[in-house]
$ cat structure-v1.cif   # mmCIF, C-alpha atoms
data_upload
#
loop_
_atom_site.label_atom_id
_atom_site.label_comp_id
_atom_site.auth_asym_id
_atom_site.auth_seq_id
_atom_site.Cartn_x
_atom_site.Cartn_y
_atom_site.Cartn_z
CA MET T 1 5.26 -9.80 -10.65
CA ILE T 2 3.71 -7.70 -13.43
CA ARG T 3 4.32 -10.42 -16.03
CA VAL T 4 2.80 -13.11 -13.83
CA ILE T 5 -0.36 -11.09 -13.15
CA ALA T 6 -0.63 -9.99 -16.81
CA ARG T 7 -0.28 -13.57 -17.99
CA VAL T 8 -2.94 -14.79 -15.54
CA ARG T 9 -5.64 -12.27 -16.42
CA SER T 10 -4.85 -8.92 -17.88
CA LEU T 11 -2.62 -5.90 -17.95
CA PRO T 12 -5.23 -3.68 -16.20
CA THR T 13 -5.17 -6.02 -13.20
CA ALA T 14 -1.39 -5.76 -13.08
CA MET T 15 -1.59 -1.98 -13.31
CA ILE T 16 -4.05 -1.75 -10.42
CA VAL T 17 -2.27 -4.13 -8.10
CA CYS T 18 1.26 -2.90 -8.81
CA ALA T 19 0.27 0.78 -8.47
CA TYR T 20 -1.37 0.05 -5.11
CA ALA T 21 1.64 -1.96 -3.91
CA ALA T 22 3.94 0.84 -5.08
CA ALA T 23 1.86 3.36 -3.10
CA VAL T 24 2.18 1.22 0.03
CA LEU T 25 5.92 0.74 -0.42
CA THR T 26 6.46 4.44 -1.18
CA LEU T 27 4.54 5.44 1.93
CA THR T 28 6.59 2.99 3.99
CA TRP T 29 9.86 4.34 2.62
CA LEU T 30 8.85 7.99 3.10
CA THR T 31 7.72 7.32 6.66
CA GLN T 32 10.65 5.21 7.80
CA ASP T 33 13.25 7.55 6.29
CA GLY T 34 11.61 10.61 7.86
CA TYR T 35 10.63 12.47 4.69
CA LEU T 36 7.07 12.99 5.91
CA GLY T 37 8.25 14.53 9.16
CA ASP T 38 7.12 12.51 12.11
CA ALA T 39 6.12 8.87 11.83
CA ALA T 40 2.57 9.59 13.00
CA TYR T 41 1.60 11.09 9.64
CA GLY T 42 2.81 8.02 7.75
CA VAL T 43 1.22 5.59 10.19
CA MET T 44 -2.14 7.36 9.89
CA ALA T 45 -1.85 7.34 6.10
CA MET T 46 -1.05 3.61 6.18
CA ILE T 47 -4.09 3.01 8.37
CA LEU T 48 -6.13 4.61 5.58
CA LEU T 49 -4.43 2.78 2.72
CA ALA T 50 -4.71 -0.74 4.13
CA PHE T 51 -7.67 -0.15 6.40
CA PRO T 52 -8.79 -3.43 7.90
CA LEU T 53 -5.38 -5.10 8.05
CA SER T 54 -3.55 -1.97 9.15
CA LEU T 55 -5.54 -1.92 12.37
CA VAL T 56 -4.37 -5.46 13.04
CA GLY T 57 -0.82 -4.56 12.06
CA THR T 58 -0.79 -1.49 14.28
CA SER T 59 -2.21 -3.33 17.28
CA LEU T 60 0.22 -6.25 16.86
CA TYR T 61 3.27 -4.06 16.12
CA GLY T 62 4.88 -4.42 19.53
CA MET T 63 4.23 -8.15 19.75
CA LEU T 64 5.52 -8.77 16.21
CA LYS T 65 8.55 -6.62 16.92
CA ASP T 66 9.33 -8.66 20.04
CA ALA T 67 8.85 -11.93 18.14
CA ILE T 68 11.04 -10.92 15.20
CA ILE T 69 13.70 -8.92 16.97
CA GLY T 70 13.94 -10.87 20.17
CA GLN T 71 15.54 -9.30 23.18
CA LYS T 72 16.44 -5.82 24.27
CA HIS T 73 20.02 -4.75 24.69
CA ASP T 74 21.40 -5.15 28.23
CA ASP T 75 21.88 -1.42 28.66
CA PRO T 76 18.41 0.16 29.11
CA THR T 77 19.62 3.54 27.88
CA TYR T 78 20.85 2.03 24.59
CA GLY T 79 17.44 0.93 23.32
CA TRP T 80 16.66 -1.85 20.88
CA ASN T 81 19.54 -3.79 19.41
CA TYR T 82 18.18 -4.77 16.00
CA ASP T 83 18.35 -4.11 12.32
CA TYR T 84 16.04 -1.20 11.51
CA SER T 85 15.06 -2.73 8.16
CA TRP T 86 12.48 -4.83 10.02
CA ASP T 87 10.54 -1.62 10.62
CA TYR T 88 9.91 -1.42 6.88
CA VAL T 89 8.50 -4.95 6.88
CA LEU T 90 6.38 -4.39 9.97
CA MET T 91 4.86 -1.24 8.50
CA ALA T 92 4.31 -2.49 4.94
CA TRP T 93 2.92 -5.99 5.45
CA PRO T 94 -0.77 -4.99 5.82
CA GLY T 95 -0.67 -3.10 2.52
CA ILE T 96 1.16 -5.88 0.69
CA VAL T 97 -1.33 -8.47 1.95
CA THR T 98 -4.14 -6.17 0.81
CA ALA T 99 -2.51 -5.92 -2.64
CA VAL T 100 -2.25 -9.71 -2.91
CA ALA T 101 -5.88 -10.09 -1.82
CA LEU T 102 -6.93 -7.51 -4.41
CA ALA T 103 -4.99 -9.38 -7.09
CA LEU T 104 -6.69 -12.64 -6.15
CA LEU T 105 -10.12 -10.98 -6.18
CA LEU T 106 -9.52 -9.32 -9.55
CA THR T 107 -8.34 -12.53 -11.21
CA GLN T 108 -11.46 -14.47 -10.26
CA ARG T 109 -14.37 -13.88 -12.60
CA ARG T 110 -16.89 -14.61 -9.86
CA THR T 111 -15.54 -11.96 -7.46
CA ARG T 112 -14.75 -9.29 -10.03
CA PRO T 113 -17.72 -6.97 -9.20
CA ALA T 114 -16.75 -6.91 -5.52
CA ALA T 115 -13.09 -6.57 -6.45
CA THR T 116 -13.74 -3.55 -8.64
CA THR T 117 -15.63 -1.94 -5.76
CA VAL T 118 -12.68 -2.61 -3.46
CA GLY T 119 -10.35 -1.38 -6.21
CA TRP T 120 -12.23 1.90 -6.55
CA GLY T 121 -12.20 2.31 -2.77
CA LEU T 122 -8.45 1.73 -2.58
CA THR T 123 -7.95 4.10 -5.50
CA ALA T 124 -9.91 6.78 -3.69
CA LEU T 125 -7.78 6.27 -0.59
CA VAL T 126 -4.52 6.49 -2.55
CA ILE T 127 -5.72 9.72 -4.18
CA LEU T 128 -6.89 11.03 -0.78
CA VAL T 129 -3.43 10.42 0.71
CA GLY T 130 -1.89 12.15 -2.31
CA VAL T 131 -4.16 15.19 -2.06
CA ALA T 132 -3.75 15.43 1.73
CA THR T 133 0.03 15.26 1.43
CA THR T 134 0.32 17.59 -1.55
CA PHE T 135 -1.83 20.30 0.01
CA ASP T 136 -0.53 19.82 3.55
CA GLY T 137 0.18 22.79 5.78
CA TRP T 138 3.79 21.75 6.31
CA ALA T 139 5.71 22.77 3.19
CA PRO T 140 8.53 20.14 3.31
CA ARG T 141 5.93 17.35 3.09
CA ARG T 142 4.13 18.68 0.01
CA PRO T 143 6.32 17.31 -2.82
CA TYR T 144 5.87 13.75 -1.56
CA GLY T 145 2.16 13.70 -2.34
CA TRP T 146 2.62 13.68 -6.12
CA PRO T 147 3.67 10.02 -6.39
CA PHE T 148 0.41 9.01 -4.71
CA LEU T 149 -1.59 11.08 -7.19
CA VAL T 150 0.24 9.35 -10.05
CA TYR T 151 -0.38 5.91 -8.48
CA GLY T 152 -4.06 6.81 -8.11
CA LEU T 153 -4.23 7.89 -11.75
CA ILE T 154 -2.66 4.60 -12.84
CA MET T 155 -5.21 2.73 -10.75
CA VAL T 156 -8.08 4.72 -12.30
CA ILE T 157 -6.82 3.92 -15.80
CA GLY T 158 -6.48 0.26 -14.88
CA LEU T 159 -9.98 0.08 -13.41
CA ILE T 160 -11.51 1.74 -16.46
CA ALA T 161 -9.63 -0.63 -18.76
CA LEU T 162 -10.70 -3.60 -16.63
CA ARG T 163 -14.33 -2.52 -16.91
CA ARG T 164 -14.06 -2.18 -20.67
CA SER T 165 -12.47 -5.62 -21.01
CA ALA T 166 -15.19 -7.11 -18.79
CA LEU T 167 -17.87 -5.49 -20.96
CA ARG T 168 -16.13 -6.82 -24.08
CA ASP T 169 -16.01 -10.31 -22.58
CA ALA T 170 -19.71 -10.11 -21.67
CA VAL T 171 -20.67 -9.03 -25.19
CA ALA T 172 -18.47 -11.71 -26.76
CA SER T 173 -19.98 -14.45 -24.59
CA GLY T 174 -23.49 -13.28 -25.44
CA ALA T 175 -24.52 -12.57 -21.84
#
$ encode --input "structure-v1.cif" --output "structure tokens"
Amino acid sequence: MIRVIARVRSLPTAMIVCAYAAAVLTLTWLTQDGYLGDAAYGVMAMILLAFPLSLVGTSLYGMLKDAIIGQKHDDPTYGWNYDYSWDYVLMAWPGIVTAVALALLLTQRRTRPAATTVGWGLTALVILVGVATTFDGWAPRRPYGWPFLVYGLIMVIGLIALRRSALRDAVASGA
């Protein structure tokens, strides 16, 4: 994926999009495997990271789960009879769709100013999740905030490099 994005436009775009996608996938993994404690913390963090689509994903979670999984087990005390890996997909899809949309916005010259604004907003949210997790009151959750701070730093570097390359392109074209 990095090579495809880098070939289309630039390495900074690949850095931004891949760091954001990695933040979403890391949050999904930490939430589903229970490293963040309860799932509510991870779900709230995902609502922040992929804001507009995560509201849709959260509200459609039960319906999508029924459509993908199908039926309940015959024994009501047994619970759902399905592969739990679908929970990863159901939690991560809003963030992955947001990453793809960001990649499409960043690769279009016409939408680049709006895309950089969205990129800075997503970067701020990734850093916010990292800071909130790192300095959380519950000590076992604290070490898991550092990856989000690193992803946010990578996104900041990519956005600065993207701005410099855009300025260089503007100067070279004589605009």
$ resolve_selection --input "structure-v1.cif" --expression "the PyMOL selection byres ((chain T and resi 150) around 12)" --output "MDAnalysis selection string"
chainID T and resid 15:16 19:20 22:23 26 123 126:131 134 144:149 151:157
$ resolve_selection --input "structure-v1.cif" --expression "the PyMOL selection byres ((chain T and resi 54) around 12)" --output "list in words"
Val24, Gly42, Val43, Met44, Ala45, Met46, Ile47, Leu48, Leu49, Ala50, Phe51, Pro52, Leu53, Leu55, Val56, Gly57, Thr58, Ser59, Leu60, Tyr61, Leu90, Met91, Ala92, Trp93, Pro94, Gly95, Ile96, Val97 and Thr98 of chain T
$ resolve_selection --input "structure-v1.cif" --expression "the PyMOL selection byres ((chain T and resi 116) around 12)" --output "NGL selection string"
:T and (12-13 or 16-17 or 102-115 or 117-123 or 155-156 or 158-163 or 166)
$ atom_distance --input "structure-v1.cif" --atom1 "atom CA of Asp136 of chain T" --atom2 "atom CA of Tyr88 of chain T"
23.9 Å
$ atom_distance --input "structure-v1.cif" --atom1 "atom CA of Thr28 of chain T" --atom2 "atom CA of Ser10 of chain T"
27.4 Å
$ atom_distance --input "structure-v1.cif" --atom1 "atom CA of Leu25 of chain T" --atom2 "atom CA of Tyr41 of chain T"
15.1 Å
$ residues_near_point --input "structure-v1.cif" --point "(18.4, 6.2, 7.4)" --cutoff "12 Å" --atoms "all atoms listed in the file" --output "compact mmCIF listing (two decimals) with C-alpha atoms, in the coordinates of the input"
# COMPACT_ATOMS: atom_id res chain seq x y z
CA TRP T 29 9.86 4.34 2.62
CA LEU T 30 8.85 7.99 3.10
CA THR T 31 7.72 7.32 6.66
CA GLN T 32 10.65 5.21 7.80
CA ASP T 33 13.25 7.55 6.29
CA GLY T 34 11.61 10.61 7.86
CA TYR T 35 10.63 12.47 4.69
CA ASP T 83 18.35 -4.11 12.32
CA TYR T 84 16.04 -1.20 11.51
CA SER T 85 15.06 -2.73 8.16
CA ASP T 87 10.54 -1.62 10.62
CA TYR T 88 9.91 -1.42 6.88
